[in-house]
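K.L.:
Sharing coords-v8.json here; it has JSON, C-alpha atoms.
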```json
[["chain", "number", "residue", "atom", "x", "y", "z"],
["A", 1, "MET", "CA", -24.32, 134.19, 74.43],
["A", 2, "PRO", "CA", -21.89, 133.82, 71.52],
["A", 3, "GLY", "CA", -20.50, 136.54, 69.30],
["A", 4, "PRO", "CA", -22.01, 137.29, 65.89],
["A", 5, "LEU", "CA", -21.65, 134.76, 63.05],
["A", 6, "ILE", "CA", -19.06, 136.51, 60.89],
["A", 7, "TYR", "CA", -16.85, 134.29, 58.76],
["A", 8, "TRP", "CA", -13.27, 135.31, 58.03],
["A", 9, "ASP", "CA", -14.27, 136.55, 54.55],
["A", 10, "ASP", "CA", -16.83, 138.96, 55.97],
["A", 11, "LEU", "CA", -14.85, 140.41, 58.86],
["A", 12, "GLU", "CA", -14.03, 144.06, 58.11],
["A", 13, "VAL", "CA", -10.56, 145.29, 59.00],
["A", 14, "GLY", "CA", -11.01, 148.40, 61.15],
["A", 15, "ARG", "CA", -14.30, 147.30, 62.67],
["A", 16, "VAL", "CA", -14.55, 147.88, 66.42],
["A", 17, "PHE", "CA", -16.47, 145.54, 68.73],
["A", 18, "ASP", "CA", -17.78, 146.68, 72.12],
["A", 19, "LEU", "CA", -17.01, 143.82, 74.48],
["A", 20, "GLY", "CA", -18.97, 145.16, 77.44],
["A", 21, "SER", "CA", -17.55, 145.26, 80.95],
["A", 22, "VAL", "CA", -16.56, 143.12, 83.91],
["A", 23, "ALA", "CA", -16.37, 143.97, 87.61],
["A", 24, "PHE", "CA", -13.51, 142.97, 89.91],
["A", 25, "ASP", "CA", -14.02, 142.52, 93.63],
["A", 26, "GLU", "CA", -11.44, 141.60, 96.23],
["A", 27, "GLU", "CA", -12.80, 138.08, 96.58],
["A", 28, "SER", "CA", -12.41, 137.22, 92.89],
["A", 29, "ILE", "CA", -9.02, 138.97, 92.68],
["A", 30, "VAL", "CA", -7.70, 136.99, 95.64],
["A", 31, "ALA", "CA", -9.25, 133.70, 94.49],
["A", 32, "PHE", "CA", -7.59, 133.92, 91.08],
["A", 33, "ALA", "CA", -4.26, 135.00, 92.54],
["A", 34, "ARG", "CA", -4.22, 132.31, 95.24],
["A", 35, "GLU", "CA", -4.37, 129.73, 92.48],
["A", 36, "PHE", "CA", -2.21, 131.31, 89.80],
["A", 37, "ASP", "CA", -0.25, 134.33, 91.03],
["A", 38, "PRO", "CA", 0.07, 134.37, 94.84],
["A", 39, "GLN", "CA", 2.32, 137.40, 95.12],
["A", 40, "PRO", "CA", 1.67, 139.43, 98.29],
["A", 41, "PHE", "CA", 0.21, 142.47, 96.49],
["A", 42, "HIS", "CA", -2.41, 140.17, 94.87],
["A", 43, "VAL", "CA", -3.45, 138.09, 97.89],
["A", 44, "ASP", "CA", -2.57, 139.86, 101.17],
["A", 45, "ARG", "CA", -4.32, 143.11, 102.05],
["A", 46, "ALA", "CA", -1.73, 144.26, 104.61],
["A", 47, "ALA", "CA", 1.19, 143.49, 102.29],
["A", 48, "ALA", "CA", -0.60, 145.22, 99.42],
["A", 49, "GLU", "CA", -1.17, 148.35, 101.53],
["A", 50, "ALA", "CA", 2.54, 148.45, 102.33],
["A", 51, "SER", "CA", 3.47, 147.95, 98.67],
["A", 52, "MET", "CA", 3.85, 150.64, 96.03],
["A", 53, "PHE", "CA", 0.32, 149.78, 94.83],
["A", 54, "GLY", "CA", -1.38, 150.68, 98.13],
["A", 55, "THR", "CA", -4.25, 148.18, 97.70],
["A", 56, "ILE", "CA", -4.69, 144.64, 96.48],
["A", 57, "ILE", "CA", -4.45, 144.60, 92.68],
["A", 58, "ALA", "CA", -5.53, 141.94, 90.20],
["A", 59, "SER", "CA", -2.98, 139.65, 88.59],
["A", 60, "GLY", "CA", -2.37, 140.77, 85.02],
["A", 61, "TRP", "CA", -3.29, 137.23, 83.97],
["A", 62, "HIS", "CA", -6.65, 137.67, 85.70],
["A", 63, "THR", "CA", -7.25, 140.88, 83.75],
["A", 64, "CYS", "CA", -6.37, 139.11, 80.48],
["A", 65, "SER", "CA", -8.58, 136.14, 81.33],
["A", 66, "ALA", "CA", -11.53, 138.33, 82.28],
["A", 67, "VAL", "CA", -11.22, 140.23, 78.99],
["A", 68, "MET", "CA", -11.01, 136.87, 77.19],
["A", 69, "ARG", "CA", -14.37, 136.01, 78.70],
["A", 70, "LEU", "CA", -15.84, 139.23, 77.33],
["A", 71, "THR", "CA", -14.29, 138.37, 73.97],
["A", 72, "VAL", "CA", -15.93, 134.93, 73.93],
["A", 73, "ASP", "CA", -19.30, 136.40, 74.90],
["A", 74, "ARG", "CA", -19.31, 139.33, 72.49],
["A", 75, "TYR", "CA", -16.95, 138.64, 69.58],
["A", 76, "LEU", "CA", -16.01, 135.00, 69.01],
["A", 77, "ASN", "CA", -18.56, 132.73, 67.41],
["A", 78, "PRO", "CA", -18.27, 128.97, 68.04],
["A", 79, "GLU", "CA", -18.93, 128.18, 64.35],
["A", 80, "VAL", "CA", -16.12, 130.47, 63.28],
["A", 81, "SER", "CA", -13.43, 130.69, 65.98],
["A", 82, "LEU", "CA", -10.77, 127.97, 65.68],
["A", 83, "GLY", "CA", -8.33, 129.06, 68.38],
["A", 84, "SER", "CA", -5.34, 131.36, 68.55],
["A", 85, "PRO", "CA", -1.62, 130.92, 67.92],
["A", 86, "GLY", "CA", -0.69, 133.70, 70.35],
["A", 87, "MET", "CA", -0.67, 137.25, 71.62],
["A", 88, "ASP", "CA", 1.73, 140.19, 71.37],
["A", 89, "GLU", "CA", 2.38, 143.40, 73.24],
["A", 90, "VAL", "CA", 0.33, 142.56, 76.32],
["A", 91, "ARG", "CA", 0.57, 145.65, 78.54],
["A", 92, "TRP", "CA", -0.83, 146.42, 81.98],
["A", 93, "PRO", "CA", -0.25, 150.21, 82.21],
["A", 94, "ARG", "CA", -2.38, 150.68, 85.37],
["A", 95, "PRO", "CA", -3.41, 148.19, 88.03],
["A", 96, "VAL", "CA", -6.94, 146.81, 88.32],
["A", 97, "ARG", "CA", -8.20, 147.23, 91.90],
["A", 98, "ALA", "CA", -11.07, 145.76, 93.90],
["A", 99, "GLY", "CA", -14.20, 147.70, 92.99],
["A", 100, "ASP", "CA", -13.03, 148.48, 89.46],
["A", 101, "THR", "CA", -15.28, 147.73, 86.52],
["A", 102, "ILE", "CA", -13.35, 147.58, 83.29],
["A", 103, "ALA", "CA", -14.86, 148.06, 79.83],
["A", 104, "ALA", "CA", -13.17, 146.56, 76.80],
["A", 105, "THR", "CA", -13.18, 147.02, 73.06],
["A", 106, "LEU", "CA", -11.60, 145.02, 70.26],
["A", 107, "ARG", "CA", -10.57, 146.28, 66.86],
["A", 108, "CYS", "CA", -9.83, 144.02, 63.92],
["A", 109, "VAL", "CA", -6.60, 145.46, 62.48],
["A", 110, "ASP", "CA", -5.54, 142.97, 59.80],
["A", 111, "LYS", "CA", -6.36, 139.64, 58.18],
["A", 112, "ARG", "CA", -4.98, 137.23, 55.63],
["A", 113, "PRO", "CA", -5.99, 133.80, 54.34],
["A", 114, "SER", "CA", -4.18, 130.76, 55.71],
["A", 115, "ALA", "CA", -1.34, 129.70, 53.41],
["A", 116, "THR", "CA", -1.81, 126.03, 54.22],
["A", 117, "ARG", "CA", -5.44, 125.51, 55.24],
["A", 118, "PRO", "CA", -7.97, 126.85, 52.74],
["A", 119, "PHE", "CA", -10.89, 126.60, 55.14],
["A", 120, "MET", "CA", -9.50, 129.22, 57.53],
["A", 121, "GLY", "CA", -7.95, 132.65, 57.71],
["A", 122, "LEU", "CA", -5.86, 134.56, 60.21],
["A", 123, "VAL", "CA", -7.14, 137.70, 61.95],
["A", 124, "TRP", "CA", -5.21, 140.26, 64.02],
["A", 125, "ASN", "CA", -7.07, 142.11, 66.75],
["A", 126, "GLU", "CA", -6.20, 144.86, 69.21],
["A", 127, "TRP", "CA", -7.83, 144.99, 72.62],
["A", 128, "GLU", "CA", -8.12, 147.91, 75.01],
["A", 129, "ALA", "CA", -9.68, 147.91, 78.48],
["A", 130, "ARG", "CA", -10.29, 150.96, 80.69],
["A", 131, "ASN", "CA", -11.41, 151.41, 84.27],
["A", 132, "GLY", "CA", -14.23, 153.73, 85.37],
["A", 133, "ASP", "CA", -11.86, 156.73, 85.43],
["A", 134, "GLY", "CA", -10.99, 156.14, 81.78],
["A", 135, "ASP", "CA", -7.48, 154.90, 82.56],
["A", 136, "VAL", "CA", -6.23, 152.18, 80.24],
["A", 137, "VAL", "CA", -5.56, 149.03, 82.29],
["A", 138, "LEU", "CA", -4.88, 146.56, 79.45],
["A", 139, "THR", "CA", -3.84, 146.66, 75.83],
["A", 140, "MET", "CA", -2.89, 143.66, 73.75],
["A", 141, "ARG", "CA", -2.66, 142.50, 70.17],
["A", 142, "GLY", "CA", -3.52, 138.95, 69.24],
["A", 143, "MET", "CA", -4.13, 136.50, 66.47],
["A", 144, "GLY", "CA", -7.21, 134.43, 65.81],
["A", 145, "LEU", "CA", -7.99, 131.61, 63.40],
["A", 146, "PHE", "CA", -11.40, 132.10, 61.80],
["A", 147, "ARG", "CA", -13.31, 129.72, 59.56],
["A", 148, "ARG", "CA", -13.95, 130.92, 56.01],
["A", 149, "ARG", "CA", -17.45, 131.24, 54.60],
["A", 150, "PRO", "CA", -18.63, 127.86, 53.35],
["A", 151, "ALA", "CA", -19.24, 127.57, 49.61],
["A", 152, "VAL", "CA", -23.00, 127.73, 48.92],
["B", 1, "MET", "CA", 7.63, 128.55, 98.73],
["B", 2, "PRO", "CA", 9.07, 131.74, 97.22],
["B", 3, "GLY", "CA", 11.83, 132.04, 94.67],
["B", 4, "PRO", "CA", 15.41, 132.80, 95.72],
["B", 5, "LEU", "CA", 16.27, 136.23, 97.14],
["B", 6, "ILE", "CA", 18.15, 137.73, 94.20],
["B", 7, "TYR", "CA", 18.07, 141.51, 93.89],
["B", 8, "TRP", "CA", 18.13, 143.13, 90.46],
["B", 9, "ASP", "CA", 21.86, 143.88, 90.81],
["B", 10, "ASP", "CA", 22.71, 140.22, 91.35],
["B", 11, "LEU", "CA", 20.55, 138.62, 88.67],
["B", 12, "GLU", "CA", 22.79, 137.20, 85.95],
["B", 13, "VAL", "CA", 21.67, 137.67, 82.34],
["B", 14, "GLY", "CA", 21.69, 134.24, 80.73],
["B", 15, "ARG", "CA", 20.86, 132.35, 83.89],
["B", 16, "VAL", "CA", 18.22, 129.65, 83.47],
["B", 17, "PHE", "CA", 15.71, 128.77, 86.20],
["B", 18, "ASP", "CA", 13.95, 125.41, 86.34],
["B", 19, "LEU", "CA", 10.33, 126.22, 87.19],
["B", 20, "GLY", "CA", 9.23, 122.62, 87.76],
["B", 21, "SER", "CA", 6.03, 121.23, 86.28],
["B", 22, "VAL", "CA", 2.26, 121.35, 86.50],
["B", 23, "ALA", "CA", -0.35, 118.74, 85.57],
["B", 24, "PHE", "CA", -3.56, 119.48, 83.67],
["B", 25, "ASP", "CA", -6.64, 117.32, 84.05],
["B", 26, "GLU", "CA", -9.98, 117.69, 82.31],
["B", 27, "GLU", "CA", -11.65, 118.99, 85.45],
["B", 28, "SER", "CA", -9.24, 121.90, 85.92],
["B", 29, "ILE", "CA", -9.18, 122.67, 82.18],
["B", 30, "VAL", "CA", -12.97, 122.84, 82.04],
["B", 31, "ALA", "CA", -13.26, 124.79, 85.32],
["B", 32, "PHE", "CA", -10.90, 127.51, 84.12],
["B", 33, "ALA", "CA", -12.51, 127.68, 80.70],
["B", 34, "ARG", "CA", -16.08, 127.81, 82.02],
["B", 35, "GLU", "CA", -15.14, 130.96, 83.88],
["B", 36, "PHE", "CA", -12.81, 132.67, 81.41],
["B", 37, "ASP", "CA", -12.82, 131.05, 77.96],
["B", 38, "PRO", "CA", -15.95, 128.95, 77.39],
["B", 39, "GLN", "CA", -15.29, 128.05, 73.77],
["B", 40, "PRO", "CA", -16.63, 124.58, 72.85],
["B", 41, "PHE", "CA", -13.19, 122.98, 72.40],
["B", 42, "HIS", "CA", -12.29, 124.02, 75.97],
["B", 43, "VAL", "CA", -15.49, 123.03, 77.80],
["B", 44, "ASP", "CA", -17.48, 120.46, 75.79],
["B", 45, "ARG", "CA", -16.01, 117.00, 75.23],
["B", 46, "ALA", "CA", -18.24, 116.10, 72.26],
["B", 47, "ALA", "CA", -17.62, 119.43, 70.53],
["B", 48, "ALA", "CA", -13.89, 119.12, 71.19],
["B", 49, "GLU", "CA", -13.83, 115.63, 69.65],
["B", 50, "ALA", "CA", -15.51, 116.99, 66.53],
["B", 51, "SER", "CA", -13.09, 119.94, 66.37],
["B", 52, "MET", "CA", -9.70, 120.01, 64.69],
["B", 53, "PHE", "CA", -8.13, 119.43, 68.14],
["B", 54, "GLY", "CA", -9.83, 116.05, 68.72],
["B", 55, "THR", "CA", -9.92, 116.41, 72.52],
["B", 56, "ILE", "CA", -10.61, 119.11, 75.06],
["B", 57, "ILE", "CA", -7.64, 121.48, 75.21],
["B", 58, "ALA", "CA", -6.69, 124.04, 77.82],
["B", 59, "SER", "CA", -7.31, 127.74, 77.24],
["B", 60, "GLY", "CA", -4.03, 129.43, 76.37],
["B", 61, "TRP", "CA", -4.73, 131.80, 79.26],
["B", 62, "HIS", "CA", -4.91, 128.80, 81.57],
["B", 63, "THR", "CA", -1.52, 127.62, 80.33],
["B", 64, "CYS", "CA", -0.04, 131.09, 80.90],
["B", 65, "SER", "CA", -1.61, 131.34, 84.36],
["B", 66, "ALA", "CA", -0.37, 127.88, 85.40],
["B", 67, "VAL", "CA", 3.16, 128.79, 84.28],
["B", 68, "MET", "CA", 2.84, 132.06, 86.21],
["B", 69, "ARG", "CA", 2.15, 129.99, 89.32],
["B", 70, "LEU", "CA", 5.36, 128.02, 88.73],
["B", 71, "THR", "CA", 7.16, 131.33, 88.23],
["B", 72, "VAL", "CA", 5.92, 132.67, 91.57],
["B", 73, "ASP", "CA", 6.87, 129.45, 93.36],
["B", 74, "ARG", "CA", 10.33, 129.02, 91.82],
["B", 75, "TYR", "CA", 11.63, 132.37, 90.56],
["B", 76, "LEU", "CA", 9.93, 135.47, 91.99],
["B", 77, "ASN", "CA", 10.81, 136.52, 95.51],
["B", 78, "PRO", "CA", 8.29, 138.67, 97.42],
["B", 79, "GLU", "CA", 11.05, 140.99, 98.71],
["B", 80, "VAL", "CA", 12.25, 141.63, 95.18],
["B", 81, "SER", "CA", 9.41, 141.29, 92.66],
["B", 82, "LEU", "CA", 7.46, 144.52, 92.14],
["B", 83, "GLY", "CA", 5.13, 143.51, 89.31],
["B", 84, "SER", "CA", 5.29, 143.48, 85.54],
["B", 85, "PRO", "CA", 4.48, 146.03, 82.85],
["B", 86, "GLY", "CA", 3.68, 143.34, 80.28],
["B", 87, "MET", "CA", 4.45, 140.36, 78.08],
["B", 88, "ASP", "CA", 5.46, 139.91, 74.46],
["B", 89, "GLU", "CA", 5.39, 137.13, 71.90],
["B", 90, "VAL", "CA", 3.09, 134.80, 73.81],
["B", 91, "ARG", "CA", 2.82, 131.67, 71.63],
["B", 92, "TRP", "CA", 0.85, 128.45, 72.03],
["B", 93, "PRO", "CA", 2.43, 126.26, 69.33],
["B", 94, "ARG", "CA", 0.76, 123.02, 70.52],
["B", 95, "PRO", "CA", -2.36, 122.48, 72.60],
["B", 96, "VAL", "CA", -2.26, 121.38, 76.24],
["B", 97, "ARG", "CA", -4.55, 118.37, 76.72],
["B", 98, "ALA", "CA", -6.07, 116.64, 79.75],
["B", 99, "GLY", "CA", -3.42, 114.35, 81.22],
["B", 100, "ASP", "CA", -0.51, 116.53, 80.08],
["B", 101, "THR", "CA", 2.14, 117.58, 82.56],
["B", 102, "ILE", "CA", 4.09, 120.56, 81.35],
["B", 103, "ALA", "CA", 7.57, 121.51, 82.55],
["B", 104, "ALA", "CA", 8.74, 125.10, 82.30],
["B", 105, "THR", "CA", 12.00, 126.99, 82.33],
["B", 106, "LEU", "CA", 12.76, 130.69, 82.45],
["B", 107, "ARG", "CA", 15.86, 132.43, 81.15],
["B", 108, "CYS", "CA", 16.85, 135.96, 82.11],
["B", 109, "VAL", "CA", 17.77, 137.56, 78.77],
["B", 110, "ASP", "CA", 18.35, 141.23, 79.59],
["B", 111, "LYS", "CA", 18.20, 143.84, 82.33],
["B", 112, "ARG", "CA", 18.61, 147.56, 82.81],
["B", 113, "PRO", "CA", 18.18, 149.97, 85.74],
["B", 114, "SER", "CA", 14.99, 152.00, 85.95],
["B", 115, "ALA", "CA", 15.47, 155.46, 84.45],
["B", 116, "THR", "CA", 13.06, 157.05, 86.93],
["B", 117, "ARG", "CA", 13.04, 154.93, 90.08],
["B", 118, "PRO", "CA", 16.49, 154.27, 91.55],
["B", 119, "PHE", "CA", 15.28, 151.51, 93.86],
["B", 120, "MET", "CA", 14.30, 149.18, 91.00],
["B", 121, "GLY", "CA", 15.46, 147.70, 87.74],
["B", 122, "LEU", "CA", 13.82, 146.10, 84.73],
["B", 123, "VAL", "CA", 14.39, 142.46, 83.80],
["B", 124, "TRP", "CA", 13.47, 140.63, 80.58],
["B", 125, "ASN", "CA", 12.76, 136.91, 80.79],
["B", 126, "GLU", "CA", 11.94, 134.20, 78.28],
["B", 127, "TRP", "CA", 9.74, 131.26, 79.25],
["B", 128, "GLU", "CA", 9.40, 127.89, 77.58],
["B", 129, "ALA", "CA", 7.06, 125.05, 78.57],
["B", 130, "ARG", "CA", 7.03, 121.53, 77.11],
["B", 131, "ASN", "CA", 4.70, 118.58, 77.45],
["B", 132, "GLY", "CA", 5.82, 115.03, 78.29],
["B", 133, "ASP", "CA", 6.62, 114.33, 74.62],
["B", 134, "GLY", "CA", 9.00, 117.28, 74.56],
["B", 135, "ASP", "CA", 6.71, 119.40, 72.38],
["B", 136, "VAL", "CA", 6.81, 123.11, 73.15],
["B", 137, "VAL", "CA", 3.35, 124.23, 74.29],
["B", 138, "LEU", "CA", 4.16, 127.79, 75.41],
["B", 139, "THR", "CA", 6.83, 130.38, 74.80],
["B", 140, "MET", "CA", 6.68, 133.98, 75.96],
["B", 141, "ARG", "CA", 8.90, 136.91, 76.73],
["B", 142, "GLY", "CA", 8.10, 139.24, 79.57],
["B", 143, "MET", "CA", 9.24, 142.10, 81.72],
["B", 144, "GLY", "CA", 9.63, 142.20, 85.46],
["B", 145, "LEU", "CA", 10.35, 144.99, 87.93],
["B", 146, "PHE", "CA", 12.90, 143.89, 90.53],
["B", 147, "ARG", "CA", 14.04, 145.71, 93.63],
["B", 148, "ARG", "CA", 17.71, 146.73, 93.72],
["B", 149, "ARG", "CA", 20.04, 145.54, 96.47],
["B", 150, "PRO", "CA", 19.67, 147.80, 99.52],
["B", 151, "ALA", "CA", 22.71, 149.87, 100.46],
["B", 152, "VAL", "CA", 24.47, 148.23, 103.44]]
```
How does this structure look as structure tokens?

P.N.:
Amino acid sequence: MPGPLIYWDDLEVGRVFDLGSVAFDEESIVAFAREFDPQPFHVDRAAAEASMFGTIIASGWHTCSAVMRLTVDRYLNPEVSLGSPGMDEVRWPRPVRAGDTIAATLRCVDKRPSATRPFMGLVWNEWEARNGDGDVVLTMRGMGLFRRRPAV
Amino acid sequence: MPGPLIYWDDLEVGRVFDLGSVAFDEESIVAFAREFDPQPFHVDRAAAEASMFGTIIASGWHTCSAVMRLTVDRYLNPEVSLGSPGMDEVRWPRPVRAGDTIAATLRCVDKRPSATRPFMGLVWNEWEARNGDGDVVLTMRGMGLFRRRPAV
């Protein structure tokens, strides 16, 4: 299920999008980390219990990737989204633990037309994700390339 | 295979670590993207060919995660690494395509002791990854928490 069809021209700076939520269980946390981030506190229950985290926690890259999936499902539209040059200020202020469900929002904070490619514009967005206790587990700011509204 | 045992105290600012390389094939690109970033240019060959990229390209989150794996294997040591508060200036200047092998390096650019926790220190690192043609496909700057050398 794609995001709404909103061309660059029609995207309102300040608009907030509810991205829904995603659940983390130990199996998915460990599976991701075994492949991409096999540090003991991500993959080994005993080591995690002895660590300063006390339980297995999700790789920060897993958290980002899971929120990306919410972003694709609820915000990005395949007719409009043309990729991203990058992200800034990615922060993981609290760990994501097995059993956590995190809910994310995205706010469009700025936009400008592309200087070189008239069919697209640049968009800046800010993400925030919270666990069930309301603790912020992820914030980040990122760029997106959006297609401009076709001439009628 | 973990990274070398280098406590925060002994890590030299300016030191460069070779993180080795990782290969991307279409199967792994599509598998990651189906789960976390199912945009057409990541998962659908025909749509990707019609896009401005011309071929399927890896999700930027996949590139970051694959470079994280190299970082765990070649730089982070499980006795020393205590997690990360976040990343800055993540940039994907060129796409990663099926068949690409990307080679990464990491440079320690700054460090300071923790103000609140005497057993750890903060480290800033800069990553760079290039494809086989020498094009930069990822740069990022990130923080790490490292354990300090135990008193003898």

K.L.:
Just the residues within 8 Å of Tyr7 in chain A, please, counting only C-alpha atoms, with nothing from its chain fewer than 2 positions along; format it as number ranges by chain.

P.N.:
A: 5, 9-11, 80, 146-149

K.L.:
What would chain B look like once superposed on chain A, with the fit done by least squares over all C-alpha atoms paired in order? Give it as a compact mmCIF listing (two decimals) with C-alpha atoms, in the frame of the given file.

P.N.:
```txt
# COMPACT_ATOMS: atom_id res chain seq x y z
CA MET B 1 -24.32 134.20 74.40
CA PRO B 2 -21.89 133.82 71.49
CA GLY B 3 -20.49 136.55 69.28
CA PRO B 4 -22.01 137.29 65.87
CA LEU B 5 -21.65 134.75 63.05
CA ILE B 6 -19.06 136.50 60.89
CA TYR B 7 -16.85 134.27 58.76
CA TRP B 8 -13.28 135.29 58.03
CA ASP B 9 -14.27 136.53 54.55
CA ASP B 10 -16.84 138.94 55.97
CA LEU B 11 -14.86 140.41 58.86
CA GLU B 12 -14.05 144.04 58.10
CA VAL B 13 -10.57 145.29 59.01
CA GLY B 14 -11.03 148.40 61.13
CA ARG B 15 -14.31 147.30 62.66
CA VAL B 16 -14.57 147.89 66.40
CA PHE B 17 -16.48 145.55 68.73
CA ASP B 18 -17.80 146.68 72.11
CA LEU B 19 -17.00 143.81 74.49
CA GLY B 20 -18.98 145.17 77.44
CA SER B 21 -17.55 145.27 80.95
CA VAL B 22 -16.56 143.13 83.90
CA ALA B 23 -16.37 143.98 87.61
CA PHE B 24 -13.52 142.98 89.91
CA ASP B 25 -14.02 142.53 93.63
CA GLU B 26 -11.44 141.61 96.24
CA GLU B 27 -12.81 138.09 96.58
CA SER B 28 -12.41 137.23 92.90
CA ILE B 29 -9.02 138.97 92.69
CA VAL B 30 -7.70 137.00 95.65
CA ALA B 31 -9.26 133.71 94.49
CA PHE B 32 -7.60 133.91 91.08
CA ALA B 33 -4.28 134.99 92.55
CA ARG B 34 -4.22 132.30 95.25
CA GLU B 35 -4.39 129.72 92.50
CA PHE B 36 -2.21 131.29 89.81
CA ASP B 37 -0.25 134.32 91.03
CA PRO B 38 0.06 134.36 94.83
CA GLN B 39 2.32 137.39 95.11
CA PRO B 40 1.68 139.42 98.30
CA PHE B 41 0.21 142.45 96.50
CA HIS B 42 -2.40 140.17 94.88
CA VAL B 43 -3.44 138.07 97.90
CA ASP B 44 -2.55 139.84 101.17
CA ARG B 45 -4.31 143.09 102.06
CA ALA B 46 -1.71 144.26 104.61
CA ALA B 47 1.21 143.50 102.30
CA ALA B 48 -0.59 145.22 99.42
CA GLU B 49 -1.15 148.34 101.54
CA ALA B 50 2.56 148.46 102.34
CA SER B 51 3.48 147.94 98.67
CA MET B 52 3.87 150.62 96.03
CA PHE B 53 0.33 149.77 94.83
CA GLY B 54 -1.37 150.68 98.14
CA THR B 55 -4.22 148.18 97.71
CA ILE B 56 -4.68 144.64 96.48
CA ILE B 57 -4.46 144.59 92.68
CA ALA B 58 -5.54 141.94 90.21
CA SER B 59 -2.99 139.64 88.59
CA GLY B 60 -2.39 140.78 85.02
CA TRP B 61 -3.30 137.24 83.97
CA HIS B 62 -6.65 137.67 85.70
CA THR B 63 -7.25 140.88 83.75
CA CYS B 64 -6.37 139.13 80.48
CA SER B 65 -8.57 136.14 81.33
CA ALA B 66 -11.55 138.33 82.28
CA VAL B 67 -11.22 140.23 78.99
CA MET B 68 -11.01 136.88 77.18
CA ARG B 69 -14.37 136.00 78.70
CA LEU B 70 -15.85 139.23 77.32
CA THR B 71 -14.29 138.37 73.96
CA VAL B 72 -15.93 134.94 73.92
CA ASP B 73 -19.30 136.40 74.90
CA ARG B 74 -19.30 139.34 72.48
CA TYR B 75 -16.95 138.65 69.57
CA LEU B 76 -16.01 134.99 69.01
CA ASN B 77 -18.57 132.72 67.41
CA PRO B 78 -18.27 128.96 68.03
CA GLU B 79 -18.94 128.17 64.35
CA VAL B 80 -16.11 130.45 63.28
CA SER B 81 -13.42 130.68 65.96
CA LEU B 82 -10.77 127.96 65.68
CA GLY B 83 -8.32 129.06 68.37
CA SER B 84 -5.34 131.37 68.55
CA PRO B 85 -1.62 130.93 67.92
CA GLY B 86 -0.69 133.71 70.34
CA MET B 87 -0.67 137.27 71.64
CA ASP B 88 1.72 140.19 71.37
CA GLU B 89 2.38 143.40 73.26
CA VAL B 90 0.32 142.56 76.33
CA ARG B 91 0.56 145.66 78.55
CA TRP B 92 -0.83 146.44 82.00
CA PRO B 93 -0.24 150.20 82.22
CA ARG B 94 -2.37 150.68 85.37
CA PRO B 95 -3.40 148.20 88.04
CA VAL B 96 -6.93 146.81 88.33
CA ARG B 97 -8.19 147.24 91.90
CA ALA B 98 -11.07 145.77 93.91
CA GLY B 99 -14.21 147.70 93.00
CA ASP B 100 -13.03 148.50 89.46
CA THR B 101 -15.28 147.74 86.52
CA ILE B 102 -13.35 147.58 83.29
CA ALA B 103 -14.86 148.07 79.84
CA ALA B 104 -13.16 146.57 76.81
CA THR B 105 -13.18 147.03 73.07
CA LEU B 106 -11.60 145.03 70.27
CA ARG B 107 -10.58 146.29 66.86
CA CYS B 108 -9.84 144.03 63.91
CA VAL B 109 -6.59 145.45 62.49
CA ASP B 110 -5.55 142.97 59.81
CA LYS B 111 -6.38 139.65 58.18
CA ARG B 112 -4.98 137.24 55.63
CA PRO B 113 -5.98 133.79 54.34
CA SER B 114 -4.17 130.76 55.70
CA ALA B 115 -1.33 129.72 53.40
CA THR B 116 -1.80 126.03 54.22
CA ARG B 117 -5.42 125.50 55.24
CA PRO B 118 -7.96 126.82 52.73
CA PHE B 119 -10.88 126.58 55.14
CA MET B 120 -9.48 129.22 57.52
CA GLY B 121 -7.95 132.65 57.71
CA LEU B 122 -5.86 134.58 60.20
CA VAL B 123 -7.14 137.70 61.95
CA TRP B 124 -5.21 140.26 64.02
CA ASN B 125 -7.08 142.11 66.75
CA GLU B 126 -6.20 144.86 69.20
CA TRP B 127 -7.84 145.00 72.62
CA GLU B 128 -8.12 147.92 75.00
CA ALA B 129 -9.68 147.92 78.48
CA ARG B 130 -10.30 150.97 80.68
CA ASN B 131 -11.40 151.43 84.26
CA GLY B 132 -14.22 153.73 85.38
CA ASP B 133 -11.86 156.73 85.43
CA GLY B 134 -11.00 156.14 81.79
CA ASP B 135 -7.48 154.91 82.56
CA VAL B 136 -6.23 152.19 80.24
CA VAL B 137 -5.56 149.04 82.28
CA LEU B 138 -4.87 146.57 79.46
CA THR B 139 -3.84 146.67 75.83
CA MET B 140 -2.89 143.66 73.75
CA ARG B 141 -2.67 142.51 70.18
CA GLY B 142 -3.53 138.97 69.24
CA MET B 143 -4.13 136.50 66.48
CA GLY B 144 -7.21 134.44 65.81
CA LEU B 145 -7.99 131.62 63.40
CA PHE B 146 -11.40 132.09 61.79
CA ARG B 147 -13.30 129.72 59.56
CA ARG B 148 -13.94 130.91 56.00
CA ARG B 149 -17.45 131.24 54.60
CA PRO B 150 -18.64 127.84 53.34
CA ALA B 151 -19.24 127.55 49.60
CA VAL B 152 -23.00 127.74 48.91
```

K.L.:
Find the residues with any atom within 10 Å of (-11.7, 147.3, 62.3); use all atoms listed in the file and the coordinates as given in the file, and write the answer as JSON, numbers by chain.

P.N.:
{"A": [11, 12, 13, 14, 15, 16, 17, 106, 107, 108, 109, 110, 124, 125, 126]}

K.L.:
Which chain B residues are at most 7 Å from chain A (counting only C-alpha atoms), as a PyMOL selection string?

P.N.:
chain B and resi 36-40+61+65-66+68-69+72+78+85-93

K.L.:
Once you count all atoms listed in the file, which residues end up no further than 12 Å from (-11.4, 146.7, 92.4) in the file's frame, shown as an NGL selection string?

P.N.:
:A and (22-30 or 42 or 55-59 or 63 or 95-102 or 131-132 or 137)

K.L.:
How many Å separate CA of Thr105 in chain A from CA of Ala129 in chain A?

P.N.:
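Calculated distance between CA of Thr105 in chain A and CA of Ala129 in chain A is 6.5 Å.
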